[in-house]
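Text of the file entry-v5.pdb, holding PDB, C-alpha atoms, pLDDT in the B column:
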```pdb
ATOM      1  CA  MET I   1     101.303 104.685 115.496  1.00 78.00           C
ATOM      2  CA  GLU I   2     102.486 105.172 111.915  1.00 93.00           C
ATOM      3  CA  TYR I   3     102.365 102.043 109.811  1.00 96.00           C
ATOM      4  CA  ILE I   4     102.334 101.307 106.117  1.00 97.00           C
ATOM      5  CA  ILE I   5     100.031  99.035 104.126  1.00 98.00           C
ATOM      6  CA  ARG I   6     101.628  97.253 101.182  1.00 97.00           C
ATOM      7  CA  SER I   7     101.445  94.111  99.097  1.00 97.00           C
ATOM      8  CA  ALA I   8     103.008  91.135 100.832  1.00 97.00           C
ATOM      9  CA  SER I   9     106.269  89.618  99.640  1.00 97.00           C
ATOM     10  CA  GLU I  10     107.833  86.221 100.274  1.00 95.00           C
ATOM     11  CA  LEU I  11     110.021  87.830 102.948  1.00 95.00           C
ATOM     12  CA  ASP I  12     106.891  88.480 105.034  1.00 96.00           C
ATOM     13  CA  ALA I  13     106.099  84.790 105.629  1.00 94.00           C
ATOM     14  CA  VAL I  14     107.579  84.587 109.136  1.00 92.00           C
ATOM     15  CA  GLY I  15     105.929  87.833 110.267  1.00 94.00           C
ATOM     16  CA  ILE I  16     102.559  86.769 108.860  1.00 94.00           C
ATOM     17  CA  ASN I  17     102.914  83.414 110.635  1.00 91.00           C
ATOM     18  CA  GLU I  18     103.692  85.114 113.958  1.00 91.00           C
ATOM     19  CA  VAL I  19     100.677  87.436 113.714  1.00 92.00           C
ATOM     20  CA  SER I  20      98.425  84.526 112.682  1.00 88.00           C
ATOM     21  CA  GLU I  21      98.992  82.744 115.980  1.00 84.00           C
ATOM     22  CA  HIS I  22      97.024  85.504 117.741  1.00 77.00           C
ATOM     23  CA  LEU I  23      93.807  84.384 116.086  1.00 73.00           C
ATOM     24  CA  GLY I  24      94.302  80.770 117.040  1.00 67.00           C
ATOM     25  CA  TYR I  25      95.715  79.484 113.767  1.00 67.00           C
ATOM     26  CA  SER I  26      98.190  76.669 114.256  1.00 66.00           C
ATOM     27  CA  GLN I  27     101.800  77.672 113.916  1.00 72.00           C
ATOM     28  CA  LEU I  28     103.362  76.632 110.645  1.00 78.00           C
ATOM     29  CA  SER I  29     107.003  75.848 110.091  1.00 81.00           C
ATOM     30  CA  SER I  30     108.918  78.559 108.255  1.00 82.00           C
ATOM     31  CA  THR I  31     108.971  76.315 105.179  1.00 88.00           C
ATOM     32  CA  GLU I  32     105.196  75.767 105.316  1.00 89.00           C
ATOM     33  CA  SER I  33     104.421  79.447 105.813  1.00 88.00           C
ATOM     34  CA  THR I  34     106.755  80.455 102.980  1.00 91.00           C
ATOM     35  CA  THR I  35     105.247  77.831 100.636  1.00 94.00           C
ATOM     36  CA  LYS I  36     101.665  78.892 101.429  1.00 93.00           C
ATOM     37  CA  LEU I  37     102.485  82.565 100.929  1.00 95.00           C
ATOM     38  CA  GLN I  38     104.303  81.841  97.645  1.00 97.00           C
ATOM     39  CA  GLU I  39     101.236  79.971  96.367  1.00 97.00           C
ATOM     40  CA  LEU I  40      99.001  82.945  97.121  1.00 97.00           C
ATOM     41  CA  LEU I  41     101.424  85.500  95.703  1.00 97.00           C
ATOM     42  CA  ASN I  42     101.707  83.479  92.476  1.00 97.00           C
ATOM     43  CA  SER I  43      97.930  83.139  92.127  1.00 97.00           C
ATOM     44  CA  THR I  44      95.888  85.461  89.941  1.00 95.00           C
ATOM     45  CA  GLN I  45      92.886  84.789  92.206  1.00 95.00           C
ATOM     46  CA  ASP I  46      94.469  85.864  95.522  1.00 97.00           C
ATOM     47  CA  GLN I  47      95.885  89.025  97.067  1.00 97.00           C
ATOM     48  CA  VAL I  48      97.750  89.505 100.343  1.00 97.00           C
ATOM     49  CA  PHE I  49      98.455  92.863 101.949  1.00 97.00           C
ATOM     50  CA  VAL I  50     100.364  93.522 105.158  1.00 98.00           C
ATOM     51  CA  ALA I  51     100.527  96.317 107.705  1.00 98.00           C
ATOM     52  CA  GLU I  52     104.114  97.037 108.729  1.00 98.00           C
ATOM     53  CA  TRP I  53     105.316  99.123 111.659  1.00 97.00           C
ATOM     54  CA  GLN I  54     108.997  99.701 112.378  1.00 95.00           C
ATOM     55  CA  GLY I  55     109.974  96.845 110.051  1.00 95.00           C
ATOM     56  CA  ARG I  56     107.617  94.370 111.743  1.00 96.00           C
ATOM     57  CA  ILE I  57     104.399  92.822 110.377  1.00 97.00           C
ATOM     58  CA  ILE I  58     101.534  93.832 112.672  1.00 97.00           C
ATOM     59  CA  GLY I  59      98.623  92.683 110.505  1.00 97.00           C
ATOM     60  CA  TRP I  60      97.604  91.098 107.227  1.00 97.00           C
ATOM     61  CA  ILE I  61      94.611  90.564 104.989  1.00 97.00           C
ATOM     62  CA  HIS I  62      94.101  87.848 102.381  1.00 97.00           C
ATOM     63  CA  LEU I  63      91.519  88.238  99.621  1.00 97.00           C
ATOM     64  CA  PHE I  64      90.437  85.657  97.088  1.00 97.00           C
ATOM     65  CA  TYR I  65      88.262  85.916  94.022  1.00 95.00           C
ATOM     66  CA  ALA I  66      85.178  83.723  94.378  1.00 94.00           C
ATOM     67  CA  ARG I  67      83.503  82.687  91.148  1.00 94.00           C
ATOM     68  CA  ARG I  68      79.892  81.577  91.261  1.00 93.00           C
ATOM     69  CA  LEU I  69      77.862  79.801  88.596  1.00 95.00           C
ATOM     70  CA  ALA I  70      74.391  81.058  89.506  1.00 96.00           C
ATOM     71  CA  SER I  71      75.148  84.383  91.232  1.00 91.00           C
ATOM     72  CA  ASP I  72      77.554  87.311  91.083  1.00 90.00           C
ATOM     73  CA  ASN I  73      81.267  86.754  91.566  1.00 91.00           C
ATOM     74  CA  PHE I  74      82.886  88.577  94.483  1.00 93.00           C
ATOM     75  CA  LEU I  75      86.030  89.039  96.498  1.00 95.00           C
ATOM     76  CA  GLU I  76      86.091  87.386  99.884  1.00 96.00           C
ATOM     77  CA  ILE I  77      88.306  88.123 102.828  1.00 97.00           C
ATOM     78  CA  GLY I  78      89.983  84.799 103.556  1.00 95.00           C
ATOM     79  CA  GLY I  79      91.713  86.143 106.648  1.00 94.00           C
ATOM     80  CA  LEU I  80      92.327  89.378 108.516  1.00 95.00           C
ATOM     81  CA  VAL I  81      94.544  89.422 111.592  1.00 94.00           C
ATOM     82  CA  VAL I  82      96.031  92.263 113.602  1.00 95.00           C
ATOM     83  CA  SER I  83      98.463  91.632 116.456  1.00 95.00           C
ATOM     84  CA  PRO I  84      96.877  92.282 119.884  1.00 92.00           C
ATOM     85  CA  GLU I  85      99.222  95.151 120.753  1.00 93.00           C
ATOM     86  CA  SER I  86      98.290  96.918 117.493  1.00 95.00           C
ATOM     87  CA  ARG I  87      94.518  96.605 117.809  1.00 93.00           C
ATOM     88  CA  GLY I  88      92.551  99.780 118.375  1.00 92.00           C
ATOM     89  CA  HIS I  89      94.853 101.834 116.136  1.00 94.00           C
ATOM     90  CA  GLY I  90      92.852 101.469 112.913  1.00 96.00           C
ATOM     91  CA  VAL I  91      95.091  98.784 111.399  1.00 97.00           C
ATOM     92  CA  GLY I  92      92.272  96.362 110.547  1.00 97.00           C
ATOM     93  CA  ARG I  93      90.154  99.148 109.100  1.00 97.00           C
ATOM     94  CA  ALA I  94      93.132 100.403 107.048  1.00 97.00           C
ATOM     95  CA  LEU I  95      93.819  96.906 105.671  1.00 97.00           C
ATOM     96  CA  VAL I  96      90.176  96.518 104.585  1.00 97.00           C
ATOM     97  CA  GLU I  97      90.086 100.014 103.072  1.00 95.00           C
ATOM     98  CA  HIS I  98      93.323  99.332 101.193  1.00 96.00           C
ATOM     99  CA  ALA I  99      91.821  96.119  99.814  1.00 94.00           C
ATOM    100  CA  ARG I 100      88.650  97.979  98.795  1.00 92.00           C
ATOM    101  CA  THR I 101      90.544 100.730  96.974  1.00 91.00           C
ATOM    102  CA  LYS I 102      92.556  98.131  95.041  1.00 88.00           C
ATOM    103  CA  ASN I 103      89.412  96.246  93.985  1.00 86.00           C
ATOM    104  CA  LEU I 104      86.017  97.225  92.689  1.00 75.00           C
ATOM    105  CA  GLY I 105      82.932  95.131  93.243  1.00 77.00           C
ATOM    106  CA  LYS I 106      81.444  93.130  96.044  1.00 87.00           C
ATOM    107  CA  LEU I 107      83.550  92.292  99.086  1.00 93.00           C
ATOM    108  CA  ARG I 108      82.415  89.631 101.541  1.00 94.00           C
ATOM    109  CA  VAL I 109      83.699  88.073 104.712  1.00 96.00           C
ATOM    110  CA  ARG I 110      82.648  85.061 106.762  1.00 93.00           C
ATOM    111  CA  CYS I 111      83.076  85.098 110.535  1.00 91.00           C
ATOM    112  CA  ASN I 112      82.810  82.385 113.117  1.00 88.00           C
ATOM    113  CA  GLU I 113      79.564  82.943 115.005  1.00 90.00           C
ATOM    114  CA  LYS I 114      81.538  82.995 118.277  1.00 90.00           C
ATOM    115  CA  ARG I 115      83.649  86.032 117.280  1.00 88.00           C
ATOM    116  CA  LEU I 116      81.203  88.710 118.381  1.00 91.00           C
ATOM    117  CA  ASP I 117      83.871  91.432 118.539  1.00 92.00           C
ATOM    118  CA  THR I 118      84.756  90.652 114.931  1.00 92.00           C
ATOM    119  CA  HIS I 119      81.102  91.001 113.914  1.00 94.00           C
ATOM    120  CA  LYS I 120      80.992  94.441 115.561  1.00 95.00           C
ATOM    121  CA  PHE I 121      84.214  95.438 113.801  1.00 95.00           C
ATOM    122  CA  TYR I 122      82.905  94.554 110.332  1.00 96.00           C
ATOM    123  CA  GLU I 123      79.569  96.238 110.986  1.00 96.00           C
ATOM    124  CA  SER I 124      81.399  99.393 112.170  1.00 95.00           C
ATOM    125  CA  ILE I 125      83.226  99.654 108.826  1.00 95.00           C
ATOM    126  CA  GLY I 126      80.161  99.255 106.632  1.00 94.00           C
ATOM    127  CA  PHE I 127      79.566  95.529 106.243  1.00 95.00           C
ATOM    128  CA  ASN I 128      76.001  94.226 106.660  1.00 94.00           C
ATOM    129  CA  ILE I 129      74.886  90.714 107.502  1.00 93.00           C
ATOM    130  CA  SER I 130      73.596  89.166 104.291  1.00 91.00           C
ATOM    131  CA  LYS I 131      72.957  85.631 105.520  1.00 89.00           C
ATOM    132  CA  VAL I 132      73.745  83.092 108.223  1.00 89.00           C
ATOM    133  CA  GLN I 133      74.927  79.646 107.236  1.00 88.00           C
ATOM    134  CA  ARG I 134      76.545  76.476 108.529  1.00 88.00           C
ATOM    135  CA  VAL I 135      79.738  75.017 107.138  1.00 88.00           C
ATOM    136  CA  PHE I 136      79.868  71.255 106.676  1.00 93.00           C
ATOM    137  CA  GLN I 137      83.008  69.232 106.085  1.00 93.00           C
ATOM    138  CA  VAL I 138      83.503  65.600 105.139  1.00 95.00           C
ATOM    139  CA  ARG I 139      85.224  63.666 107.894  1.00 93.00           C
ATOM    140  CA  SER I 140      88.492  62.174 106.810  1.00 83.00           C
TER     141      SER I 140
END
```

Serialized structure, structure tokens:
Amino acid sequence: MEYIIRSASELDAVGINEVSEHLGYSQLSSTESTTKLQELLNSTQDQVFVAEWQGRIIGWIHLFYARRLASDNFLEIGGLVVSPESRGHGVGRALVEHARTKNLGKLRVRCNEKRLDTHKFYESIGFNISKVQRVFQVRS
């Protein structure tokens, strides 16, 4: 499978939305997905790269710059999704490597504790567990 990794453009919103459904994200309207992607593409703190095969988006990665007051700043993977039919072909690894070559410094990712396959994937490409934490959210 020959695919390319490139920076996302506004035209990729529908393809990114379609791939996102495979990880359980709720489907957005085309307007919502375009607006969200535009916000990220216009941000100096975010980056989005896509994997494209035969004119179709088969994966994406979103990075954001995380500033910290009392510790080192870092880049965090805000999302990484590869379509099920494209998994096992190195697409996820290629997206992460592309992101790493475009950026120097620390790269982090947070994974739901239930996604054991995802943990194995990140460990297989050189990530180490640095801590375990809980996420709390105010009820609205």

Around the point (102.6, 102.0, 112.7), in the coordinates given by the file, pick out the residues reaching within 9 Å, counting all atoms listed in the file, and return them as a list in words. Met1, Glu2, Tyr3, Ile4, Ala51, Glu52, Trp53, Gln54, Ile58, Ser86, His89 and Val91 of chain I

Atoms kept (C-alpha atoms) for selection, written as a PDB file, in the coordinates of the input:
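Result written to result20.pdb:
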```pdb
ATOM      1  CA  MET I   1     101.303 104.685 115.496  1.00 78.00           C
ATOM      2  CA  GLU I   2     102.486 105.172 111.915  1.00 93.00           C
ATOM      3  CA  TYR I   3     102.365 102.043 109.811  1.00 96.00           C
ATOM      4  CA  ILE I   4     102.334 101.307 106.117  1.00 97.00           C
ATOM      5  CA  ALA I  51     100.527  96.317 107.705  1.00 98.00           C
ATOM      6  CA  GLU I  52     104.114  97.037 108.729  1.00 98.00           C
ATOM      7  CA  TRP I  53     105.316  99.123 111.659  1.00 97.00           C
ATOM      8  CA  GLN I  54     108.997  99.701 112.378  1.00 95.00           C
ATOM      9  CA  ILE I  58     101.534  93.832 112.672  1.00 97.00           C
ATOM     10  CA  SER I  86      98.290  96.918 117.493  1.00 95.00           C
ATOM     11  CA  HIS I  89      94.853 101.834 116.136  1.00 94.00           C
ATOM     12  CA  VAL I  91      95.091  98.784 111.399  1.00 97.00           C
TER      13      VAL I  91
END
```

Restricting the calculation to only C-alpha atoms, which member of I:Arg6, I:Arg87, I:Arg56, I:His62 is positioned closest to Asp117 in chain I? I:Arg87

Top pick for closest residue to Gly105 in chain I, considering I:Glu18, I:Tyr65, I:Asn128, I:Val82 and counting only C-alpha atoms: I:Tyr65

For the PyMOL selection byres ((chain I and resi 46) around 12), applied here, can you spell out every residue it catches as a PyMOL selection string? chain I and resi 7-8+36-45+47-49+61-66+74-79+99+103

Which range 10-129 of chain I residues have any atom within 10 Å of an atom of range 133-137 of chain I, and for each, what is the nearest pair of atoms with distance in Å to one decimal, counting all atoms listed in the file, rows sorted by chain and number, as a Markdown table?
```
| residue | atom | partner | partner_atom | distance |
| --- | --- | --- | --- | --- |
| I:Arg110 | CA | I:Gln133 | CA | 9.4 |
| I:Asn112 | CA | I:Arg134 | CA | 9.8 |
| I:Glu113 | CA | I:Gln133 | CA | 9.6 |
```

Matched chain/residue IDs from the PyMOL selection byres ((chain I and resi 28) around 12), as a list in words: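 Matching residues under the PyMOL selection byres ((chain I and resi 28) around 12) are Ala13, Val14, Gly15, Ile16, Asn17, Glu18, Val19, Ser20, Glu21, Gly24, Tyr25, Ser26, Gln27, Ser29, Ser30, Thr31, Glu32, Ser33, Thr34, Thr35, Lys36 and Leu37 of chain I.
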
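Minimum atom-to-atom distance to Ile129 in chain I, evaluated using all atoms listed in the file, belongs to I:Val109 out of I:Ala70, I:Val109, I:His22, I:Leu95.
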
Would you mind telling me which residue in I:Leu23, I:Val132, I:Gly126, I:Pro84 lies nearest to Val96 in chain I when using all atoms listed in the file?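 Ranked by minimum distance to Val96 in chain I, first place goes to I:Gly126.
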